[in-house]
Amino acid sequence: MTNASLAPLLTPAKELAQALRSQGYAVASPETVAEIAKVKPENLQNLTQFWEGLPRDPYLKDGGRYRFRRHASYAIKGDHLNLVPHRAHWQSVDYNALHGGIERWFEPMQAALLNDPAWQSLLLGLAQVLNGLKPVTTWFVEAHQFRIDTTDGIGRPTPEGAHRDGVDFVAVFLLNRVGIKGGETRIFDAQGSAGLRFTLDQPWSLLLMNDERMIHESTPIQPVGDYGYRDTLVLTYRSTGFQDSPNRGQQ
């Protein structure tokens, strides 16, 4: 892996679209994320309370008990954020060899989070950035709350390994690291060998990627003491509709 660094260059808000265009990814500070969302940093930090008590992910094929999550889906048209009826998360095996090909029904996000103005501003602000790269009529957005913990002695943020998500853009926000080591982010050029490795450690720092160009993964976490966890938010933006099982509507 080339261009390795544990402290990536940070991209200011006004240069995010150009960074995505030229190199396929950008890393942004919490202050930049707040600027994109047009909210105060403390308003974003207030959202982290909703990562407590996430339901366990029942679909892990490695038998693990280390992943917890909630899920929501939106359609964004212009400045209008529309929550769509709760739906399954589905990925093709082409993008997720481990968990692809099945409908995964995760528990919905809590209403208090969905109704929070900072939350809504974050999704809309990111859509505005992406509109500068790819003007679309509607962004189909999936939001995933994750907690990876060390219940099993080790937690795997990406048990499927290095992957793409089958969308246009992926945003990964680090919300919290408590009592852990590991959890290094690795991204690779899908068409070559160039890569970057770093560790997001500031709450609300962001990795933003063009999913068609970049492959990504996070290394396992281990506890420093008796127990630890890593909280993230993943937002995916797709311009051609949600990914759905080809069997949907035939049942």
# chains A, B, ... in the order shown; residues from 1 in each chain; ligands from 1
call {"tool": "residues_around", "arguments": {"residues": "segment 209-214 of chain A", "least_positions_apart": "2", "cutoff": "7 Å", "atoms": "only C-alpha atoms", "output": "short mmCIF file (atom, residue, chain, number, x, y, z; two decimals) with N, CA, C and O atoms, in the first residue's frame"}}
result
data_model
loop_
_atom_site.label_atom_id
_atom_site.label_comp_id
_atom_site.auth_asym_id
_atom_site.auth_seq_id
_atom_site.Cartn_x
_atom_site.Cartn_y
_atom_site.Cartn_z
N LEU A 20 -13.00 15.01 -4.12
CA LEU A 20 -13.69 13.80 -4.56
C LEU A 20 -13.51 13.61 -6.07
O LEU A 20 -13.33 12.49 -6.54
N GLY A 24 -10.92 10.95 -5.51
CA GLY A 24 -11.90 9.92 -5.16
C GLY A 24 -12.27 9.85 -3.71
O GLY A 24 -13.14 9.08 -3.32
N TYR A 25 -11.65 10.68 -2.86
CA TYR A 25 -11.96 10.67 -1.43
C TYR A 25 -11.54 11.99 -0.80
O TYR A 25 -10.79 12.77 -1.39
N ALA A 26 -12.03 12.23 0.40
CA ALA A 26 -11.61 13.38 1.20
C ALA A 26 -11.80 13.02 2.65
O ALA A 26 -12.70 12.25 3.01
N ARG A 164 -16.69 -2.38 -1.84
CA ARG A 164 -17.48 -1.22 -2.25
C ARG A 164 -18.91 -1.47 -1.80
O ARG A 164 -19.28 -2.59 -1.48
N ASP A 165 -19.73 -0.40 -1.79
CA ASP A 165 -21.10 -0.53 -1.29
C ASP A 165 -22.15 -0.54 -2.40
O ASP A 165 -23.33 -0.72 -2.14
N GLY A 166 -21.74 -0.29 -3.65
CA GLY A 166 -22.70 -0.31 -4.74
C GLY A 166 -23.54 0.96 -4.83
O GLY A 166 -24.68 0.92 -5.30
N VAL A 167 -22.98 2.08 -4.37
CA VAL A 167 -23.68 3.36 -4.38
C VAL A 167 -22.80 4.38 -5.10
O VAL A 167 -21.75 4.04 -5.66
N ASP A 168 -23.20 5.64 -5.09
CA ASP A 168 -22.37 6.69 -5.68
C ASP A 168 -21.32 7.21 -4.69
O ASP A 168 -20.15 7.31 -5.03
N PHE A 169 -21.77 7.53 -3.49
CA PHE A 169 -20.88 8.10 -2.49
C PHE A 169 -21.14 7.49 -1.12
O PHE A 169 -22.29 7.17 -0.78
N VAL A 170 -20.08 7.36 -0.34
CA VAL A 170 -20.16 6.83 1.02
C VAL A 170 -19.52 7.83 1.97
O VAL A 170 -18.40 8.30 1.72
N ALA A 171 -20.22 8.12 3.06
CA ALA A 171 -19.69 8.99 4.11
C ALA A 171 -19.60 8.18 5.40
O ALA A 171 -20.59 7.60 5.84
N ILE A 187 -8.23 2.63 2.64
CA ILE A 187 -8.92 2.84 1.37
C ILE A 187 -7.94 2.57 0.23
O ILE A 187 -6.74 2.82 0.35
N PHE A 188 -8.49 2.05 -0.87
CA PHE A 188 -7.68 1.66 -2.02
C PHE A 188 -8.35 2.18 -3.29
O PHE A 188 -9.58 2.21 -3.39
N ASP A 189 -7.54 2.52 -4.27
CA ASP A 189 -8.04 2.83 -5.59
C ASP A 189 -8.54 1.53 -6.23
O ASP A 189 -7.79 0.56 -6.34
N ALA A 190 -9.79 1.51 -6.66
CA ALA A 190 -10.37 0.28 -7.21
C ALA A 190 -9.69 -0.15 -8.51
O ALA A 190 -9.75 -1.33 -8.88
N LEU A 207 -14.74 10.53 6.66
CA LEU A 207 -14.16 10.04 5.42
C LEU A 207 -15.27 10.01 4.38
O LEU A 207 -16.29 9.33 4.57
N HIS A 216 -12.92 0.15 0.45
CA HIS A 216 -12.57 0.54 1.82
C HIS A 216 -12.79 -0.60 2.80
O HIS A 216 -13.56 -1.54 2.55
#
call {"tool": "select_by_dssp", "arguments": {"residues": "segment 9-242 of chain A", "states": "strand (DSSP E or B)", "output": "count of residues only"}}
result
83
call {"tool": "closest_atom_pairs", "arguments": {"of": "segment 108-215 of chain A", "to": "segment 10-17 of chain A", "cutoff": "9 Å", "atoms": "only C-alpha atoms", "output": "Markdown table"}}
result
| residue | atom | partner | partner_atom | distance |
| --- | --- | --- | --- | --- |
| A:Val129 | CA | A:Ala17 | CA | 6.3 |
| A:Leu130 | CA | A:Ala17 | CA | 6.8 |
| A:Asn131 | CA | A:Ala17 | CA | 8.8 |
| A:Gly132 | CA | A:Ala17 | CA | 6.3 |
| A:Leu133 | CA | A:Ala17 | CA | 6.1 |
| A:Leu208 | CA | A:Leu16 | CA | 8.5 |
call {"tool": "closest_residue", "arguments": {"among": "A:Phe173, A:Tyr229, A:Tyr66, A:Tyr237", "to": "Gln145 of chain A", "atoms": "only C-alpha atoms"}}
result
A:Phe173
call {"tool": "select_by_dssp", "arguments": {"residues": "segment 15-125 of chain A", "states": "helix (DSSP H, G or I)", "output": "JSON, numbers by chain"}}
result
{"A": [15, 16, 17, 18, 19, 20, 21, 22, 23, 30, 31, 32, 33, 34, 35, 36, 37, 41, 42, 43, 44, 45, 46, 47, 48, 49, 50, 51, 111, 112, 113, 114, 117, 118, 119, 120, 121, 122, 123, 124, 125]}
call {"tool": "residues_around", "arguments": {"residues": "Pro223 of chain A", "least_positions_apart": "4", "cutoff": "6 Å", "atoms": "only C-alpha atoms", "output": "PyMOL selection string"}}
result
chain A and resi 179-180+227-228
call {"tool": "closest_residue", "arguments": {"among": "A:Ala88, A:Ala118, A:Leu124, A:Leu233", "to": "Phe146 of chain A", "atoms": "only C-alpha atoms"}}
result
A:Leu233
call {"tool": "residues_around", "arguments": {"residues": "Ile221 of chain A", "least_positions_apart": "3", "cutoff": "7 Å", "atoms": "only C-alpha atoms", "output": "list in words"}}
result
Ile154, Gly155, Arg156, Ile180, Lys181, Gly182 and Gly183 of chain A
call {"tool": "write_last_selection", "arguments": {"atoms": "N, CA, C and O atoms", "output": "PDB file, in the first residue's frame"}}
result
ATOM      1  N   ILE A 154     -12.692  -9.399  20.187  1.00  0.00           N
ATOM      2  CA  ILE A 154     -12.303  -8.639  19.007  1.00  0.00           C
ATOM      3  C   ILE A 154     -13.587  -8.226  18.292  1.00  0.00           C
ATOM      4  O   ILE A 154     -14.580  -8.956  18.314  1.00  0.00           O
ATOM      5  N   GLY A 155     -13.595  -7.033  17.715  1.00  0.00           N
ATOM      6  CA  GLY A 155     -14.756  -6.565  16.966  1.00  0.00           C
ATOM      7  C   GLY A 155     -14.338  -6.228  15.544  1.00  0.00           C
ATOM      8  O   GLY A 155     -13.271  -5.647  15.327  1.00  0.00           O
ATOM      9  N   ARG A 156     -15.177  -6.573  14.578  1.00  0.00           N
ATOM     10  CA  ARG A 156     -14.828  -6.367  13.172  1.00  0.00           C
ATOM     11  C   ARG A 156     -15.763  -5.341  12.542  1.00  0.00           C
ATOM     12  O   ARG A 156     -16.919  -5.656  12.244  1.00  0.00           O
ATOM     13  N   ILE A 180     -10.224   1.215  23.169  1.00  0.00           N
ATOM     14  CA  ILE A 180      -9.855   0.271  22.119  1.00  0.00           C
ATOM     15  C   ILE A 180      -8.522   0.649  21.469  1.00  0.00           C
ATOM     16  O   ILE A 180      -8.060   1.787  21.556  1.00  0.00           O
ATOM     17  N   LYS A 181      -7.962  -0.329  20.794  1.00  0.00           N
ATOM     18  CA  LYS A 181      -6.894  -0.108  19.833  1.00  0.00           C
ATOM     19  C   LYS A 181      -7.323  -0.752  18.525  1.00  0.00           C
ATOM     20  O   LYS A 181      -8.201  -1.617  18.501  1.00  0.00           O
ATOM     21  N   GLY A 182      -6.694  -0.346  17.418  1.00  0.00           N
ATOM     22  CA  GLY A 182      -7.120  -0.839  16.114  1.00  0.00           C
ATOM     23  C   GLY A 182      -8.167   0.079  15.504  1.00  0.00           C
ATOM     24  O   GLY A 182      -8.238   1.263  15.810  1.00  0.00           O
ATOM     25  N   GLY A 183      -8.989  -0.468  14.624  1.00  0.00           N
ATOM     26  CA  GLY A 183      -9.995   0.336  13.959  1.00  0.00           C
ATOM     27  C   GLY A 183      -9.376   1.311  12.967  1.00  0.00           C
ATOM     28  O   GLY A 183      -9.865   2.424  12.786  1.00  0.00           O
TER      29      GLY A 183
END
call {"tool": "residues_around", "arguments": {"residues": "segment 135-141 of chain A", "least_positions_apart": "5", "cutoff": "6 Å", "atoms": "only C-alpha atoms", "output": "list in words"}}
result
Ser73, Tyr74, Ala75, Ile76, Lys77, Thr236, Tyr237, Arg238, Ser239, Gly241 and Phe242 of chain A
call {"tool": "residues_around", "arguments": {"residues": "segment 43-49 of chain A", "least_positions_apart": "2", "cutoff": "7 Å", "atoms": "only C-alpha atoms", "output": "mmCIF file with all heavy atoms, in the first residue's frame"}}
result
data_model
loop_
_atom_site.group_PDB
_atom_site.id
_atom_site.type_symbol
_atom_site.label_atom_id
_atom_site.label_comp_id
_atom_site.auth_asym_id
_atom_site.auth_seq_id
_atom_site.Cartn_x
_atom_site.Cartn_y
_atom_site.Cartn_z
ATOM 1 N N VAL A 39 -24.519 23.703 11.315
ATOM 2 C CA VAL A 39 -24.925 23.628 12.719
ATOM 3 C C VAL A 39 -23.688 23.816 13.589
ATOM 4 O O VAL A 39 -22.551 23.764 13.112
ATOM 5 C CB VAL A 39 -25.589 22.266 13.053
ATOM 6 C CG1 VAL A 39 -26.842 22.059 12.218
ATOM 7 C CG2 VAL A 39 -24.613 21.117 12.859
ATOM 8 N N LYS A 40 -23.901 24.013 14.870
ATOM 9 C CA LYS A 40 -22.797 24.117 15.807
ATOM 10 C C LYS A 40 -22.247 22.726 16.118
ATOM 11 O O LYS A 40 -23.016 21.746 16.155
ATOM 12 C CB LYS A 40 -23.275 24.782 17.104
ATOM 13 C CG LYS A 40 -23.726 26.226 16.929
ATOM 14 C CD LYS A 40 -24.224 26.805 18.243
ATOM 15 C CE LYS A 40 -24.673 28.253 18.063
ATOM 16 N NZ LYS A 40 -25.192 28.835 19.330
ATOM 17 N N PRO A 41 -20.948 22.613 16.354
ATOM 18 C CA PRO A 41 -20.368 21.295 16.664
ATOM 19 C C PRO A 41 -21.057 20.599 17.827
ATOM 20 O O PRO A 41 -21.240 19.375 17.802
ATOM 21 C CB PRO A 41 -18.907 21.618 16.986
ATOM 22 C CG PRO A 41 -18.617 22.866 16.207
ATOM 23 C CD PRO A 41 -19.886 23.654 16.237
ATOM 24 N N TRP A 51 -26.566 6.539 20.050
ATOM 25 C CA TRP A 51 -25.809 5.308 19.802
ATOM 26 C C TRP A 51 -25.802 4.385 21.027
ATOM 27 O O TRP A 51 -25.296 3.276 20.960
ATOM 28 C CB TRP A 51 -24.382 5.642 19.374
ATOM 29 C CG TRP A 51 -24.243 5.757 17.881
ATOM 30 C CD1 TRP A 51 -23.587 4.889 17.057
ATOM 31 C CD2 TRP A 51 -24.781 6.771 17.024
ATOM 32 N NE1 TRP A 51 -23.681 5.299 15.748
ATOM 33 C CE2 TRP A 51 -24.409 6.458 15.701
ATOM 34 C CE3 TRP A 51 -25.554 7.921 17.243
ATOM 35 C CZ2 TRP A 51 -24.773 7.248 14.615
ATOM 36 C CZ3 TRP A 51 -25.917 8.702 16.168
ATOM 37 C CH2 TRP A 51 -25.530 8.378 14.873
ATOM 38 N N GLU A 52 -26.386 4.843 22.116
ATOM 39 C CA GLU A 52 -26.510 3.985 23.297
ATOM 40 C C GLU A 52 -27.703 3.045 23.115
ATOM 41 O O GLU A 52 -28.764 3.447 22.649
ATOM 42 C CB GLU A 52 -26.693 4.827 24.562
ATOM 43 C CG GLU A 52 -25.519 5.743 24.863
ATOM 44 C CD GLU A 52 -24.219 4.985 25.055
ATOM 45 O OE1 GLU A 52 -24.255 3.834 25.553
ATOM 46 O OE2 GLU A 52 -23.157 5.524 24.679
ATOM 47 N N LEU A 113 -34.038 10.987 17.100
ATOM 48 C CA LEU A 113 -32.896 11.268 16.226
ATOM 49 C C LEU A 113 -33.387 11.762 14.866
ATOM 50 O O LEU A 113 -32.894 12.789 14.351
ATOM 51 C CB LEU A 113 -32.051 10.013 16.049
ATOM 52 C CG LEU A 113 -30.927 10.087 15.004
ATOM 53 C CD1 LEU A 113 -29.949 11.217 15.318
ATOM 54 C CD2 LEU A 113 -30.199 8.760 14.899
ATOM 55 N N ALA A 118 -30.366 19.021 13.718
ATOM 56 C CA ALA A 118 -28.961 18.854 13.342
ATOM 57 C C ALA A 118 -28.790 17.616 12.469
ATOM 58 O O ALA A 118 -27.995 17.621 11.511
ATOM 59 C CB ALA A 118 -28.086 18.767 14.593
ATOM 60 N N LEU A 175 -17.718 8.568 15.461
ATOM 61 C CA LEU A 175 -18.388 9.280 16.545
ATOM 62 C C LEU A 175 -17.678 9.106 17.880
ATOM 63 O O LEU A 175 -17.658 10.032 18.696
ATOM 64 C CB LEU A 175 -19.844 8.809 16.673
ATOM 65 C CG LEU A 175 -20.846 9.623 15.846
ATOM 66 C CD1 LEU A 175 -20.575 9.485 14.360
ATOM 67 C CD2 LEU A 175 -22.275 9.206 16.176
#
call {"tool": "closest_residue", "arguments": {"among": "A:Leu114, A:Gln243, A:Ala19, A:Arg177", "to": "His89 of chain A", "atoms": "only C-alpha atoms"}}
result
A:Gln243
call {"tool": "closest_residue", "arguments": {"among": "A:Gln18, A:Ser205, A:Gln128, A:Thr32", "to": "Val172 of chain A", "atoms": "only C-alpha atoms"}}
result
A:Ser205
call {"tool": "closest_residue", "arguments": {"among": "A:Ala72, A:Ala112, A:Ala28, A:Ala162", "to": "Ala143 of chain A", "atoms": "only C-alpha atoms"}}
result
A:Ala72
call {"tool": "atom_distance", "arguments": {"atom1": "atom CA of Ser29 of chain A", "atom2": "atom CA of Leu235 of chain A"}}
result
16.6 Å
call {"tool": "closest_residue", "arguments": {"among": "A:Asp231, A:Glu103, A:Asp226, A:Glu42", "to": "Asp152 of chain A", "atoms": "only C-alpha atoms"}}
result
A:Asp226
call {"tool": "decode", "arguments": {"residues": "segment 127-147 of chain A", "atoms": "N, CA, C and O atoms", "output": "mmCIF file, in the first residue's frame"}}
result
data_model
loop_
_atom_site.group_PDB
_atom_site.id
_atom_site.type_symbol
_atom_site.label_atom_id
_atom_site.label_comp_id
_atom_site.auth_asym_id
_atom_site.auth_seq_id
_atom_site.Cartn_x
_atom_site.Cartn_y
_atom_site.Cartn_z
ATOM 1 N N ALA A 127 -25.746 16.282 0.939
ATOM 2 C CA ALA A 127 -26.347 16.200 -0.400
ATOM 3 C C ALA A 127 -25.972 17.416 -1.239
ATOM 4 O O ALA A 127 -25.701 17.291 -2.448
ATOM 5 N N GLN A 128 -25.915 18.583 -0.624
ATOM 6 C CA GLN A 128 -25.541 19.794 -1.356
ATOM 7 C C GLN A 128 -24.106 19.712 -1.852
ATOM 8 O O GLN A 128 -23.789 20.135 -2.970
ATOM 9 N N VAL A 129 -23.202 19.159 -1.023
ATOM 10 C CA VAL A 129 -21.818 18.965 -1.460
ATOM 11 C C VAL A 129 -21.780 18.038 -2.673
ATOM 12 O O VAL A 129 -21.109 18.317 -3.685
ATOM 13 N N LEU A 130 -22.521 16.934 -2.604
ATOM 14 C CA LEU A 130 -22.479 15.942 -3.675
ATOM 15 C C LEU A 130 -23.160 16.443 -4.946
ATOM 16 O O LEU A 130 -22.796 16.025 -6.050
ATOM 17 N N ASN A 131 -24.110 17.347 -4.796
ATOM 18 C CA ASN A 131 -24.747 17.935 -5.975
ATOM 19 C C ASN A 131 -23.732 18.688 -6.824
ATOM 20 O O ASN A 131 -23.923 18.855 -8.041
ATOM 21 N N GLY A 132 -22.650 19.163 -6.188
ATOM 22 C CA GLY A 132 -21.610 19.852 -6.934
ATOM 23 C C GLY A 132 -20.807 18.923 -7.825
ATOM 24 O O GLY A 132 -20.092 19.371 -8.717
ATOM 25 N N LEU A 133 -20.909 17.631 -7.583
ATOM 26 C CA LEU A 133 -20.212 16.635 -8.399
ATOM 27 C C LEU A 133 -21.133 15.962 -9.397
ATOM 28 O O LEU A 133 -20.728 15.659 -10.517
ATOM 29 N N LYS A 134 -22.351 15.702 -8.944
ATOM 30 C CA LYS A 134 -23.264 14.918 -9.765
ATOM 31 C C LYS A 134 -24.687 15.414 -9.529
ATOM 32 O O LYS A 134 -25.392 14.898 -8.660
ATOM 33 N N PRO A 135 -25.098 16.432 -10.270
ATOM 34 C CA PRO A 135 -26.463 16.931 -10.093
ATOM 35 C C PRO A 135 -27.480 15.840 -10.407
ATOM 36 O O PRO A 135 -27.439 15.239 -11.477
ATOM 37 N N VAL A 136 -28.337 15.555 -9.457
ATOM 38 C CA VAL A 136 -29.345 14.514 -9.640
ATOM 39 C C VAL A 136 -30.700 15.045 -9.190
ATOM 40 O O VAL A 136 -30.791 16.014 -8.432
ATOM 41 N N THR A 137 -31.744 14.399 -9.653
ATOM 42 C CA THR A 137 -33.094 14.777 -9.234
ATOM 43 C C THR A 137 -33.355 14.347 -7.801
ATOM 44 O O THR A 137 -33.874 15.105 -6.987
ATOM 45 N N THR A 138 -32.969 13.118 -7.483
ATOM 46 C CA THR A 138 -33.218 12.554 -6.157
ATOM 47 C C THR A 138 -32.002 11.754 -5.711
ATOM 48 O O THR A 138 -31.479 10.934 -6.474
ATOM 49 N N TRP A 139 -31.570 11.991 -4.473
ATOM 50 C CA TRP A 139 -30.579 11.132 -3.834
ATOM 51 C C TRP A 139 -31.317 10.104 -2.983
ATOM 52 O O TRP A 139 -32.174 10.463 -2.174
ATOM 53 N N PHE A 140 -30.999 8.848 -3.173
ATOM 54 C CA PHE A 140 -31.558 7.778 -2.356
ATOM 55 C C PHE A 140 -30.516 7.449 -1.287
ATOM 56 O O PHE A 140 -29.431 6.957 -1.601
ATOM 57 N N VAL A 141 -30.858 7.747 -0.054
ATOM 58 C CA VAL A 141 -29.887 7.751 1.041
ATOM 59 C C VAL A 141 -30.241 6.665 2.056
ATOM 60 O O VAL A 141 -31.403 6.537 2.453
ATOM 61 N N GLU A 142 -29.232 5.900 2.442
ATOM 62 C CA GLU A 142 -29.394 4.972 3.558
ATOM 63 C C GLU A 142 -28.475 5.409 4.685
ATOM 64 O O GLU A 142 -27.313 5.771 4.452
ATOM 65 N N ALA A 143 -29.011 5.402 5.894
ATOM 66 C CA ALA A 143 -28.272 5.812 7.087
ATOM 67 C C ALA A 143 -28.137 4.615 8.019
ATOM 68 O O ALA A 143 -29.123 3.919 8.292
ATOM 69 N N HIS A 144 -26.935 4.387 8.495
ATOM 70 C CA HIS A 144 -26.647 3.239 9.357
ATOM 71 C C HIS A 144 -25.923 3.710 10.612
ATOM 72 O O HIS A 144 -24.844 4.303 10.521
ATOM 73 N N GLN A 145 -26.514 3.442 11.753
ATOM 74 C CA GLN A 145 -25.826 3.631 13.029
ATOM 75 C C GLN A 145 -25.125 2.324 13.391
ATOM 76 O O GLN A 145 -25.755 1.266 13.395
ATOM 77 N N PHE A 146 -23.841 2.406 13.721
ATOM 78 C CA PHE A 146 -23.082 1.216 14.093
ATOM 79 C C PHE A 146 -22.409 1.402 15.451
ATOM 80 O O PHE A 146 -21.862 2.471 15.732
ATOM 81 N N ARG A 147 -22.431 0.354 16.249
ATOM 82 C CA ARG A 147 -21.501 0.217 17.367
ATOM 83 C C ARG A 147 -20.826 -1.150 17.220
ATOM 84 O O ARG A 147 -21.502 -2.175 17.114
#
